[in-house]
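> Once you've had a glance at the structure underneath, I'll fire off some questions.
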Amino acid sequence: MQLKHTPGPWLREGRTVYTLSDKGVNHFYLRVEADPRTCSAEEAEATAMVITAAPDMVQALLDVEADHMALYGDEDVPVLMVVRAALKKAGVRK
């Protein structure tokens with residue numbers, strides 16, 4: 001399955017998340033900004049950490065789904081429903 005998002009690894013420096021192209025230049029970057037009235041710098045950095053892990057988490061969910069299907073088939077158990085809902089939220093499933 002070809003995923004649509006920018007492939008990993010995604011890297012992080014503080015609150016900046018980025019990935020490099022095959023030529024070693026920025027392919028994309030984003031900076032998690034925090035409104036100091038509602039969000040601490042620590043929370044913003046933790047959010048950047050979650051964003052950085054996103055490609056790995058998507059792959060992990062795909063692996064869990066595939067392993068479950070291989071072992072148990074398409075049995076609609078709660079864990080598989082949660083996995084599929086997360087994949088849908090990530091745009092991997094319709």
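Please note that chains go A, B, ... in the order of the structure tokens, that every chain numbers its residues from 1, and that ligands are numbered from 1 in the order shown.
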Excluding A:Val64 and residues on its chain fewer than 5 positions from it, collect all residues at most 9 Å away from it, counting only C-alpha atoms, and give them as a list in words.
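Surrounding residues, per the criterion: Gln59, Met69, Leu80 and Val83 of chain A.
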> Export, as a compact mmCIF listing (two decimals), in the first residue's frame, the selected residues with C-alpha atoms.

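Saved file part_26.txt follows:
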# COMPACT_ATOMS: atom_id res chain seq x y z
CA GLN A 59 2.81 1.92 10.16
CA MET A 69 -6.47 -10.22 10.09
CA LEU A 80 -9.64 -3.58 15.47
CA VAL A 83 -7.21 0.75 14.89
> I'd like the contact shell of A:Pro55 - 7 Å cut-off, only C-alpha atoms, skipping same-chain residues fewer than 2 positions apart - returned as a list in words.
Pro7, Gly8, Ala53, Met57, Val58 and Gln59 of chain A
> Run DSSP on the backbone of this structure and report the residues of stretch 17-92 of chain A it assigns to helix (DSSP H, G or I), as a PyMOL selection string.
chain A and resi 41-72+78-89
> Deliver the residues from the most recent selection as a file, using N, CA and C atoms, as a short mmCIF file (atom, residue, chain, number, x, y, z; two decimals), in the first residue's frame.

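Final output, selection21.cif:
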data_model
loop_
_atom_site.label_atom_id
_atom_site.label_comp_id
_atom_site.auth_asym_id
_atom_site.auth_seq_id
_atom_site.Cartn_x
_atom_site.Cartn_y
_atom_site.Cartn_z
N ALA A 41 5.09 25.87 26.84
CA ALA A 41 6.12 25.46 25.88
C ALA A 41 6.33 23.95 25.96
N GLU A 42 6.23 23.38 27.15
CA GLU A 42 6.40 21.93 27.30
C GLU A 42 5.29 21.18 26.57
N GLU A 43 4.06 21.68 26.65
CA GLU A 43 2.95 21.04 25.95
C GLU A 43 3.15 21.14 24.44
N ALA A 44 3.61 22.29 23.97
CA ALA A 44 3.84 22.46 22.53
C ALA A 44 4.94 21.51 22.05
N GLU A 45 6.00 21.35 22.85
CA GLU A 45 7.07 20.44 22.46
C GLU A 45 6.59 18.99 22.48
N ALA A 46 5.76 18.63 23.45
CA ALA A 46 5.19 17.28 23.50
C ALA A 46 4.32 17.02 22.27
N THR A 47 3.58 18.03 21.84
CA THR A 47 2.77 17.91 20.63
C THR A 47 3.66 17.68 19.41
N ALA A 48 4.77 18.40 19.33
CA ALA A 48 5.72 18.20 18.24
C ALA A 48 6.28 16.78 18.25
N MET A 49 6.47 16.23 19.44
CA MET A 49 6.97 14.86 19.54
C MET A 49 5.96 13.87 18.98
N VAL A 50 4.67 14.07 19.27
CA VAL A 50 3.63 13.19 18.74
C VAL A 50 3.57 13.30 17.22
N ILE A 51 3.64 14.51 16.70
CA ILE A 51 3.61 14.71 15.26
C ILE A 51 4.79 13.99 14.60
N THR A 52 5.97 14.09 15.21
CA THR A 52 7.16 13.44 14.68
C THR A 52 6.99 11.93 14.59
N ALA A 53 6.28 11.36 15.55
CA ALA A 53 6.08 9.91 15.59
C ALA A 53 4.97 9.43 14.66
N ALA A 54 4.22 10.34 14.05
CA ALA A 54 3.03 9.96 13.28
C ALA A 54 3.30 8.91 12.20
N PRO A 55 4.31 9.02 11.35
CA PRO A 55 4.50 7.98 10.33
C PRO A 55 4.74 6.60 10.93
N ASP A 56 5.49 6.56 12.03
CA ASP A 56 5.75 5.28 12.70
C ASP A 56 4.48 4.72 13.31
N MET A 57 3.64 5.58 13.88
CA MET A 57 2.40 5.13 14.48
C MET A 57 1.44 4.61 13.41
N VAL A 58 1.37 5.28 12.26
CA VAL A 58 0.53 4.79 11.17
C VAL A 58 0.99 3.40 10.73
N GLN A 59 2.29 3.23 10.57
CA GLN A 59 2.81 1.92 10.16
C GLN A 59 2.51 0.87 11.22
N ALA A 60 2.64 1.22 12.49
CA ALA A 60 2.33 0.28 13.57
C ALA A 60 0.87 -0.15 13.52
N LEU A 61 -0.03 0.80 13.29
CA LEU A 61 -1.45 0.47 13.19
C LEU A 61 -1.73 -0.44 12.00
N LEU A 62 -1.08 -0.17 10.88
CA LEU A 62 -1.24 -1.04 9.71
C LEU A 62 -0.75 -2.46 10.02
N ASP A 63 0.37 -2.56 10.74
CA ASP A 63 0.91 -3.87 11.12
C ASP A 63 -0.03 -4.60 12.08
N VAL A 64 -0.59 -3.89 13.05
CA VAL A 64 -1.53 -4.50 13.99
C VAL A 64 -2.76 -5.02 13.23
N GLU A 65 -3.27 -4.20 12.31
CA GLU A 65 -4.43 -4.62 11.53
C GLU A 65 -4.10 -5.87 10.71
N ALA A 66 -2.97 -5.87 10.05
CA ALA A 66 -2.59 -7.03 9.22
C ALA A 66 -2.39 -8.28 10.07
N ASP A 67 -1.72 -8.14 11.20
CA ASP A 67 -1.50 -9.29 12.08
C ASP A 67 -2.83 -9.83 12.61
N HIS A 68 -3.72 -8.93 12.99
CA HIS A 68 -5.03 -9.36 13.50
C HIS A 68 -5.79 -10.11 12.41
N MET A 69 -5.76 -9.57 11.20
CA MET A 69 -6.47 -10.22 10.09
C MET A 69 -5.88 -11.61 9.82
N ALA A 70 -4.56 -11.72 9.88
CA ALA A 70 -3.92 -13.02 9.62
C ALA A 70 -4.28 -14.05 10.69
N LEU A 71 -4.41 -13.60 11.93
CA LEU A 71 -4.68 -14.53 13.02
C LEU A 71 -6.17 -14.83 13.21
N TYR A 72 -7.00 -13.78 13.07
CA TYR A 72 -8.40 -13.91 13.45
C TYR A 72 -9.39 -13.59 12.34
N PRO A 78 -13.28 -4.83 19.42
CA PRO A 78 -13.05 -3.42 19.76
C PRO A 78 -11.67 -2.90 19.36
N VAL A 79 -10.62 -3.67 19.57
CA VAL A 79 -9.29 -3.16 19.24
C VAL A 79 -9.15 -2.91 17.74
N LEU A 80 -9.71 -3.78 16.91
CA LEU A 80 -9.64 -3.58 15.47
C LEU A 80 -10.47 -2.37 15.04
N MET A 81 -11.58 -2.14 15.71
CA MET A 81 -12.40 -0.97 15.41
C MET A 81 -11.64 0.31 15.75
N VAL A 82 -10.91 0.32 16.85
CA VAL A 82 -10.12 1.49 17.24
C VAL A 82 -8.98 1.73 16.25
N VAL A 83 -8.30 0.65 15.87
CA VAL A 83 -7.21 0.75 14.89
C VAL A 83 -7.72 1.33 13.58
N ARG A 84 -8.83 0.80 13.10
CA ARG A 84 -9.38 1.27 11.82
C ARG A 84 -9.88 2.71 11.91
N ALA A 85 -10.45 3.09 13.04
CA ALA A 85 -10.89 4.49 13.22
C ALA A 85 -9.69 5.44 13.19
N ALA A 86 -8.59 5.04 13.81
CA ALA A 86 -7.39 5.87 13.80
C ALA A 86 -6.81 5.97 12.39
N LEU A 87 -6.80 4.86 11.65
CA LEU A 87 -6.32 4.89 10.27
C LEU A 87 -7.21 5.76 9.39
N LYS A 88 -8.50 5.73 9.64
CA LYS A 88 -9.41 6.60 8.90
C LYS A 88 -9.14 8.05 9.22
N LYS A 89 -8.93 8.37 10.49
CA LYS A 89 -8.63 9.74 10.90
C LYS A 89 -7.34 10.23 10.26
#
> Atom CA of A:Arg15 and atom CA of A:Val32, how far apart in Å?
5.3 Å
